[in-house]
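Structure data follow from structure36.cif (mmCIF, C-alpha atoms):
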```
data_model
loop_
_atom_site.label_atom_id
_atom_site.label_comp_id
_atom_site.auth_asym_id
_atom_site.auth_seq_id
_atom_site.Cartn_x
_atom_site.Cartn_y
_atom_site.Cartn_z
CA MET A 155 -0.40 19.27 -6.26
CA PHE A 156 -0.98 15.52 -6.30
CA ARG A 157 0.20 13.03 -3.69
CA ILE A 158 -1.76 9.96 -4.68
CA GLY A 159 -1.69 6.60 -2.99
CA PHE A 160 -3.23 3.34 -4.13
CA VAL A 161 -4.37 1.09 -1.30
CA GLY A 162 -5.31 -2.56 -1.50
CA CYS A 163 -4.20 -6.07 -0.86
CA ALA A 164 -2.06 -8.09 -3.26
CA GLY A 165 -3.42 -8.78 -6.71
CA THR A 166 -5.87 -5.87 -6.92
CA GLY A 167 -4.02 -3.96 -9.65
CA LYS A 168 -2.45 -1.18 -7.56
CA SER A 169 0.92 -1.12 -9.28
CA THR A 170 -0.40 -1.07 -12.83
CA LEU A 171 -2.97 1.60 -12.00
CA ALA A 172 -0.51 3.74 -10.04
CA LYS A 173 2.10 3.65 -12.79
CA SER A 174 -0.49 4.58 -15.43
CA THR A 175 -1.95 7.34 -13.25
CA ALA A 176 1.53 8.83 -12.76
CA ALA A 177 2.06 8.78 -16.54
CA LEU A 178 -1.36 10.38 -17.10
CA LEU A 179 -0.53 13.20 -14.67
CA GLU A 180 3.13 13.36 -15.75
CA ILE A 181 4.41 13.09 -12.19
CA ASP A 182 6.74 10.67 -10.41
CA PHE A 183 5.74 7.05 -9.84
CA LEU A 184 7.09 5.65 -6.57
CA SER A 185 7.18 1.88 -6.88
CA SER A 186 7.06 -0.06 -3.63
CA LYS A 187 9.42 -2.63 -5.16
CA ASP A 188 12.19 -0.02 -5.20
CA VAL A 189 12.08 -0.14 -1.40
CA THR A 190 11.22 -3.77 -0.70
CA GLN A 191 13.25 -5.56 -3.38
CA PRO A 192 16.69 -4.55 -1.98
CA ILE A 193 15.58 -5.58 1.51
CA LEU A 194 14.38 -8.95 0.24
CA GLU A 195 17.61 -9.55 -1.66
CA ARG A 196 19.83 -8.42 1.22
CA ASP A 197 18.02 -10.62 3.74
CA GLY A 198 18.05 -13.70 1.50
CA TYR A 199 14.38 -14.02 0.65
CA VAL A 200 13.80 -16.81 -1.88
CA TYR A 201 10.69 -16.60 -4.05
CA GLY A 202 8.82 -19.89 -4.15
CA ALA A 203 10.36 -21.16 -0.89
CA GLY A 204 6.95 -21.25 0.78
CA VAL A 205 7.37 -18.21 3.05
CA GLN A 206 4.75 -15.54 2.47
CA ILE A 207 6.53 -12.42 1.25
CA GLU A 208 4.33 -10.15 3.36
CA ARG A 209 5.19 -12.13 6.47
CA PHE A 210 8.90 -12.11 5.63
CA LEU A 211 8.87 -8.32 5.31
CA ALA A 212 6.67 -7.83 8.36
CA ASN A 213 9.11 -8.01 11.20
CA SER A 214 10.00 -5.04 13.39
CA ASP A 215 13.33 -4.21 11.76
CA ARG A 216 12.15 -4.60 8.16
CA GLN A 217 8.92 -2.68 8.74
CA SER A 218 10.83 0.15 10.41
CA GLU A 219 13.31 0.22 7.53
CA ILE A 220 10.52 0.30 4.93
CA LEU A 221 8.88 3.17 6.80
CA LYS A 222 12.15 5.15 7.05
CA GLN A 223 12.83 4.75 3.34
CA THR A 224 9.23 5.72 2.53
CA MET A 225 9.58 8.88 4.62
CA VAL A 226 12.71 9.87 2.70
CA ARG A 227 11.00 9.28 -0.64
CA TYR A 228 8.03 11.43 0.37
CA LYS A 229 10.37 14.28 1.35
CA VAL A 230 12.28 14.10 -1.94
CA HIS A 231 9.20 14.06 -4.20
CA GLU A 232 6.80 16.96 -3.97
CA GLN A 233 4.25 15.21 -6.22
CA PHE A 234 3.93 11.49 -6.73
CA VAL A 235 1.74 8.46 -7.25
CA THR A 236 2.61 5.36 -5.24
CA ASP A 237 1.40 1.79 -5.46
CA ARG A 238 1.80 1.12 -1.72
CA THR A 239 0.95 3.58 0.99
CA VAL A 240 1.70 3.93 4.67
CA ILE A 241 -1.86 2.68 5.15
CA ASP A 242 -0.81 -0.64 3.61
CA LEU A 243 2.35 -0.65 5.72
CA ALA A 244 0.34 -0.06 8.89
CA ALA A 245 -2.11 -2.83 7.99
CA TYR A 246 0.64 -5.40 7.47
CA ALA A 247 2.41 -4.26 10.65
CA VAL A 248 -0.78 -4.58 12.70
CA LYS A 249 -1.47 -8.02 11.23
CA GLU A 250 2.05 -9.35 11.77
CA LEU A 251 3.47 -7.50 14.79
CA HIS A 252 0.52 -7.15 17.17
CA GLU A 253 1.51 -10.16 19.29
CA HIS A 254 5.28 -9.68 19.26
CA ASP A 255 6.40 -6.06 19.34
CA ALA A 256 3.79 -3.63 20.60
CA LYS A 257 6.30 -0.82 21.18
CA THR A 258 7.58 -0.82 17.59
CA LEU A 259 4.05 -1.31 16.29
CA ARG A 260 2.90 1.81 18.17
CA LYS A 261 5.73 3.83 16.61
CA ILE A 262 4.97 2.50 13.11
CA HIS A 263 1.24 3.14 13.60
CA ASP A 264 1.70 6.70 14.81
CA THR A 265 4.25 7.59 12.12
CA CYS A 266 2.10 6.06 9.37
CA ARG A 267 -0.94 7.93 10.64
CA GLU A 268 0.93 11.23 10.52
CA LEU A 269 2.33 10.53 7.03
CA SER A 270 -1.07 9.43 5.73
CA GLU A 271 -2.30 12.98 6.14
CA THR A 272 0.06 14.11 3.36
CA TYR A 273 -1.92 12.29 0.64
CA THR A 274 -4.22 14.38 -1.51
CA HIS A 275 -5.99 11.35 -2.98
CA ILE A 276 -6.36 7.73 -1.95
CA PHE A 277 -7.69 5.17 -4.39
CA VAL A 278 -8.82 1.93 -2.76
CA CYS A 279 -8.60 -1.15 -4.95
CA PRO A 280 -11.15 -3.50 -3.36
CA TRP A 281 -10.48 -7.13 -2.57
CA ARG A 282 -12.05 -9.51 -5.05
CA ASP A 283 -13.27 -12.99 -4.17
CA ALA A 284 -11.29 -14.58 -6.97
CA PRO A 285 -8.02 -16.47 -7.33
CA ILE A 286 -5.00 -14.19 -7.14
CA LYS A 287 -2.74 -14.25 -10.19
CA ASP A 288 0.58 -15.87 -9.30
CA ASN A 289 3.38 -13.46 -10.18
CA LYS A 290 5.84 -15.39 -7.99
CA ARG A 291 5.92 -12.44 -5.59
CA ARG A 292 2.67 -12.20 -3.69
CA THR A 293 0.89 -14.37 -1.16
CA LEU A 294 -1.81 -16.33 -2.95
CA ASN A 295 -3.96 -16.99 0.11
CA GLN A 296 -7.05 -14.94 -0.71
CA TRP A 297 -8.25 -14.97 2.90
CA TYR A 298 -4.99 -13.46 4.13
CA GLN A 299 -5.48 -10.78 1.47
CA PHE A 300 -9.10 -10.30 2.56
CA LEU A 301 -7.90 -9.69 6.13
CA ILE A 302 -5.40 -7.09 4.88
CA ASN A 303 -8.14 -5.40 2.81
CA CYS A 304 -10.44 -5.17 5.83
CA THR A 305 -7.63 -3.82 7.99
CA GLU A 306 -6.71 -1.17 5.41
CA ARG A 307 -10.29 -0.01 5.03
CA GLY A 308 -10.69 0.07 8.80
CA ILE A 309 -7.54 2.18 9.13
CA ILE A 310 -8.85 4.65 6.53
CA ARG A 311 -12.06 5.04 8.55
CA GLU A 312 -10.36 5.07 11.96
CA TRP A 313 -7.82 7.70 10.90
CA GLU A 314 -10.62 9.71 9.23
CA LEU A 315 -8.54 10.16 6.10
CA GLY A 316 -11.53 11.50 4.20
CA LYS A 317 -10.97 14.76 6.09
CA THR A 318 -7.43 15.25 4.75
CA ALA A 319 -7.58 13.46 1.38
CA LYS A 320 -10.14 12.54 -1.21
CA VAL A 321 -10.77 8.83 -0.70
CA TYR A 322 -12.27 6.84 -3.56
CA VAL A 323 -13.16 3.17 -3.54
CA LEU A 324 -12.88 2.09 -7.15
CA LYS A 325 -16.17 0.64 -8.36
CA SER A 326 -15.23 -0.66 -11.78
CA ASP A 327 -13.37 -3.81 -12.76
CA GLY A 328 -10.63 -4.21 -15.32
CA PHE A 329 -7.73 -1.91 -16.07
CA ASP A 330 -9.34 0.22 -18.81
CA ASP A 331 -12.54 0.83 -16.84
CA ARG A 332 -10.61 1.66 -13.69
CA MET A 333 -8.31 4.09 -15.52
CA ALA A 334 -11.37 5.79 -17.02
CA GLU A 335 -12.90 6.02 -13.54
CA ILE A 336 -9.67 7.48 -12.09
CA ALA A 337 -9.33 10.00 -14.94
CA GLU A 338 -12.93 11.08 -14.47
CA LEU A 339 -12.55 11.47 -10.69
CA LEU A 340 -9.33 13.49 -11.04
CA GLY A 341 -10.73 15.51 -13.92
CA SER A 342 -13.88 16.46 -12.05
CA GLU A 343 -11.94 18.39 -9.41
#
```
What is this file in structure tokens?
Amino acid sequence: MFRIGFVGCAGTGKSTLAKSTAALLEIDFLSSKDVTQPILERDGYVYGAGVQIERFLANSDRQSEILKQTMVRYKVHEQFVTDRTVIDLAAYAVKELHEHDAKTLRKIHDTCRELSETYTHIFVCPWRDAPIKDNKRRTLNQWYQFLINCTERGIIREWELGKTAKVYVLKSDGFDDRMAEIAELLGSE
């Protein structure tokens, strides 16, 4: 059984890799956009208006809603590959909620930690010190993304996820090389 999560900040290739990995394994791909896009549309988010999308999503109510919908998706799908994990969700919540809503943050943290133990594999897409491609959806501030990357990697260590899942930090660059690396890692098991 595979329950694979790709972790990383914006612009590191998670979605493309996750979708291709799901196709390779012939299992469900759970796109984070299927959860976040309706929330953005409902709450009137306007791309290009200058508000960082991660900060717009990262308020107590939206984060809690994203987590609830993620929990439902994980219950419905026995096997899956996802391009955003509860590790990512926890990192953004810690970054954005730590000063404003400690009670909700504790609940999100604890629930994410428990759910993170259901992954069989975690592939970390490392931050790159390079301009982030503008897809009109992500925050282009590379230092904000660096902070998220460091928080995610710290969460993985703090929660000791290597004990419950196989955690791989991708070493290669470029889609083809990364897919070859992923195929080799999954095939060697």
In terms of the shortest atom-to-atom distance over only C-alpha atoms, which of A:Tyr246, A:Phe156, A:Phe329, A:Tyr298 is closest to A:Thr272?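 Nearest candidate to A:Thr272 out of A:Tyr246, A:Phe156, A:Phe329, A:Tyr298: A:Phe156.
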So which one's closest to A:Glu338, A:Phe183, A:Thr258, A:Ser214, A:Leu324? Using only C-alpha atoms, please. A:Leu324
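Candidate residues A:Leu194, A:Ile286, A:Leu184, A:Ala319 were compared for distance to A:Thr224, and the nearest is A:Leu184, using all atoms listed in the file.
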Surrounding residues of A:Thr239 excluding itself and chain neighbours under 3 positions, 9 Å, only C-alpha atoms, as a ChimeraX atom specification: /A:158-161,186,224,236,242-244,266,270,276
Taking all atoms listed in the file into account, which of A:Tyr273, A:Lys222, A:Ser185, A:Leu340 comes nearest A:Thr170?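 Distance minimum relative to A:Thr170 lands on A:Ser185.
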Check which residues satisfy the PyMOL selection byres ((chain A and resi 332) around 12) in the file shown, then give them as an mmCIF file with C-alpha atoms, in the frame of the given file.
```
data_model
loop_
_atom_site.group_PDB
_atom_site.id
_atom_site.type_symbol
_atom_site.label_atom_id
_atom_site.label_comp_id
_atom_site.auth_asym_id
_atom_site.auth_seq_id
_atom_site.Cartn_x
_atom_site.Cartn_y
_atom_site.Cartn_z
ATOM 1 C CA THR A 166 -5.870 -5.870 -6.920
ATOM 2 C CA GLY A 167 -4.020 -3.960 -9.650
ATOM 3 C CA LYS A 168 -2.450 -1.180 -7.560
ATOM 4 C CA THR A 170 -0.400 -1.070 -12.830
ATOM 5 C CA LEU A 171 -2.970 1.600 -12.000
ATOM 6 C CA ALA A 172 -0.510 3.740 -10.040
ATOM 7 C CA SER A 174 -0.490 4.580 -15.430
ATOM 8 C CA THR A 175 -1.950 7.340 -13.250
ATOM 9 C CA PHE A 277 -7.690 5.170 -4.390
ATOM 10 C CA VAL A 278 -8.820 1.930 -2.760
ATOM 11 C CA CYS A 279 -8.600 -1.150 -4.950
ATOM 12 C CA PRO A 280 -11.150 -3.500 -3.360
ATOM 13 C CA TYR A 322 -12.270 6.840 -3.560
ATOM 14 C CA VAL A 323 -13.160 3.170 -3.540
ATOM 15 C CA LEU A 324 -12.880 2.090 -7.150
ATOM 16 C CA LYS A 325 -16.170 0.640 -8.360
ATOM 17 C CA SER A 326 -15.230 -0.660 -11.780
ATOM 18 C CA ASP A 327 -13.370 -3.810 -12.760
ATOM 19 C CA GLY A 328 -10.630 -4.210 -15.320
ATOM 20 C CA PHE A 329 -7.730 -1.910 -16.070
ATOM 21 C CA ASP A 330 -9.340 0.220 -18.810
ATOM 22 C CA ASP A 331 -12.540 0.830 -16.840
ATOM 23 C CA MET A 333 -8.310 4.090 -15.520
ATOM 24 C CA ALA A 334 -11.370 5.790 -17.020
ATOM 25 C CA GLU A 335 -12.900 6.020 -13.540
ATOM 26 C CA ILE A 336 -9.670 7.480 -12.090
ATOM 27 C CA ALA A 337 -9.330 10.000 -14.940
ATOM 28 C CA GLU A 338 -12.930 11.080 -14.470
ATOM 29 C CA LEU A 339 -12.550 11.470 -10.690
#
```
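Excluding stretch 308-314 of chain A itself and any same-chain residue fewer than 4 positions from it, the protein and nucleic acid residues within 8 Å of it, counting only C-alpha atoms, are A:Ile241, A:Ala245, A:Arg267, A:Cys304, A:Thr318.
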Any idea what the distance is between atom CA of A:Leu178 and atom CA of A:Leu269? 24.4 Å
So what do you get for atom CA of A:Lys173 versus atom CA of A:Ser218, distance-wise? 25.0 Å
Could you check the closest approach to A:Val321 for each of A:His275, A:Cys163, A:Leu211, A:Trp281 and tell me which residue wins, using only C-alpha atoms?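 Nearest candidate to A:Val321 out of A:His275, A:Cys163, A:Leu211, A:Trp281: A:His275.
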For stretch 228-233 of chain A, work out the shell of residues within 8 Å, counting only C-alpha atoms and skipping chain neighbours fewer than 3 positions away, then give it as a count of residues only. 7
Because some atoms of stretch 211-232 of chain A are absent here, can you restore N, CA and C atoms and send them as a PDB file, keeping the file's coordinate frame?
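Dumped everything to result29.pdb:
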```
ATOM      1  N   LEU A 211       8.587  -9.755   5.164  1.00  0.00           N
ATOM      2  CA  LEU A 211       8.870  -8.320   5.310  1.00  0.00           C
ATOM      3  C   LEU A 211       8.365  -7.763   6.637  1.00  0.00           C
ATOM      4  N   ALA A 212       7.346  -8.398   7.189  1.00  0.00           N
ATOM      5  CA  ALA A 212       6.670  -7.830   8.360  1.00  0.00           C
ATOM      6  C   ALA A 212       7.307  -8.289   9.665  1.00  0.00           C
ATOM      7  N   ASN A 213       8.541  -7.899   9.873  1.00  0.00           N
ATOM      8  CA  ASN A 213       9.110  -8.010  11.200  1.00  0.00           C
ATOM      9  C   ASN A 213       9.507  -6.598  11.621  1.00  0.00           C
ATOM     10  N   SER A 214       9.790  -6.391  12.869  1.00  0.00           N
ATOM     11  CA  SER A 214      10.000  -5.040  13.390  1.00  0.00           C
ATOM     12  C   SER A 214      11.075  -4.279  12.627  1.00  0.00           C
ATOM     13  N   ASP A 215      12.220  -4.906  12.422  1.00  0.00           N
ATOM     14  CA  ASP A 215      13.330  -4.210  11.760  1.00  0.00           C
ATOM     15  C   ASP A 215      13.006  -3.883  10.301  1.00  0.00           C
ATOM     16  N   ARG A 216      12.460  -4.839   9.578  1.00  0.00           N
ATOM     17  CA  ARG A 216      12.150  -4.600   8.160  1.00  0.00           C
ATOM     18  C   ARG A 216      11.041  -3.564   8.001  1.00  0.00           C
ATOM     19  N   GLN A 217      10.008  -3.655   8.819  1.00  0.00           N
ATOM     20  CA  GLN A 217       8.920  -2.680   8.740  1.00  0.00           C
ATOM     21  C   GLN A 217       9.438  -1.281   9.055  1.00  0.00           C
ATOM     22  N   SER A 218      10.265  -1.154  10.061  1.00  0.00           N
ATOM     23  CA  SER A 218      10.830   0.150  10.410  1.00  0.00           C
ATOM     24  C   SER A 218      11.699   0.677   9.276  1.00  0.00           C
ATOM     25  N   GLU A 219      12.463  -0.189   8.656  1.00  0.00           N
ATOM     26  CA  GLU A 219      13.310   0.220   7.530  1.00  0.00           C
ATOM     27  C   GLU A 219      12.465   0.660   6.331  1.00  0.00           C
ATOM     28  N   ILE A 220      11.421  -0.084   6.036  1.00  0.00           N
ATOM     29  CA  ILE A 220      10.520   0.300   4.930  1.00  0.00           C
ATOM     30  C   ILE A 220       9.919   1.667   5.215  1.00  0.00           C
ATOM     31  N   LEU A 221       9.485   1.894   6.438  1.00  0.00           N
ATOM     32  CA  LEU A 221       8.880   3.170   6.800  1.00  0.00           C
ATOM     33  C   LEU A 221       9.900   4.308   6.672  1.00  0.00           C
ATOM     34  N   LYS A 222      11.116   4.114   7.153  1.00  0.00           N
ATOM     35  CA  LYS A 222      12.150   5.150   7.050  1.00  0.00           C
ATOM     36  C   LYS A 222      12.418   5.507   5.586  1.00  0.00           C
ATOM     37  N   GLN A 223      12.558   4.492   4.752  1.00  0.00           N
ATOM     38  CA  GLN A 223      12.830   4.750   3.340  1.00  0.00           C
ATOM     39  C   GLN A 223      11.635   5.439   2.666  1.00  0.00           C
ATOM     40  N   THR A 224      10.436   5.073   3.069  1.00  0.00           N
ATOM     41  CA  THR A 224       9.230   5.720   2.530  1.00  0.00           C
ATOM     42  C   THR A 224       9.208   7.195   2.922  1.00  0.00           C
ATOM     43  N   MET A 225       9.560   7.493   4.152  1.00  0.00           N
ATOM     44  CA  MET A 225       9.580   8.880   4.620  1.00  0.00           C
ATOM     45  C   MET A 225      10.564   9.709   3.790  1.00  0.00           C
ATOM     46  N   VAL A 226      11.723   9.162   3.514  1.00  0.00           N
ATOM     47  CA  VAL A 226      12.710   9.870   2.700  1.00  0.00           C
ATOM     48  C   VAL A 226      12.163  10.121   1.302  1.00  0.00           C
ATOM     49  N   ARG A 227      11.553   9.128   0.714  1.00  0.00           N
ATOM     50  CA  ARG A 227      11.000   9.280  -0.640  1.00  0.00           C
ATOM     51  C   ARG A 227       9.928  10.361  -0.674  1.00  0.00           C
ATOM     52  N   TYR A 228       9.094  10.431   0.336  1.00  0.00           N
ATOM     53  CA  TYR A 228       8.030  11.430   0.370  1.00  0.00           C
ATOM     54  C   TYR A 228       8.596  12.844   0.518  1.00  0.00           C
ATOM     55  N   LYS A 229       9.737  12.969   1.214  1.00  0.00           N
ATOM     56  CA  LYS A 229      10.370  14.280   1.350  1.00  0.00           C
ATOM     57  C   LYS A 229      11.022  14.730   0.051  1.00  0.00           C
ATOM     58  N   VAL A 230      11.561  13.793  -0.702  1.00  0.00           N
ATOM     59  CA  VAL A 230      12.280  14.100  -1.940  1.00  0.00           C
ATOM     60  C   VAL A 230      11.328  14.471  -3.073  1.00  0.00           C
ATOM     61  N   HIS A 231      10.155  13.866  -3.097  1.00  0.00           N
ATOM     62  CA  HIS A 231       9.200  14.060  -4.200  1.00  0.00           C
ATOM     63  C   HIS A 231       8.030  14.916  -3.728  1.00  0.00           C
ATOM     64  N   GLU A 232       7.902  16.082  -4.335  1.00  0.00           N
ATOM     65  CA  GLU A 232       6.800  16.960  -3.970  1.00  0.00           C
ATOM     66  C   GLU A 232       5.461  16.370  -4.431  1.00  0.00           C
TER      67      GLU A 232
END
```
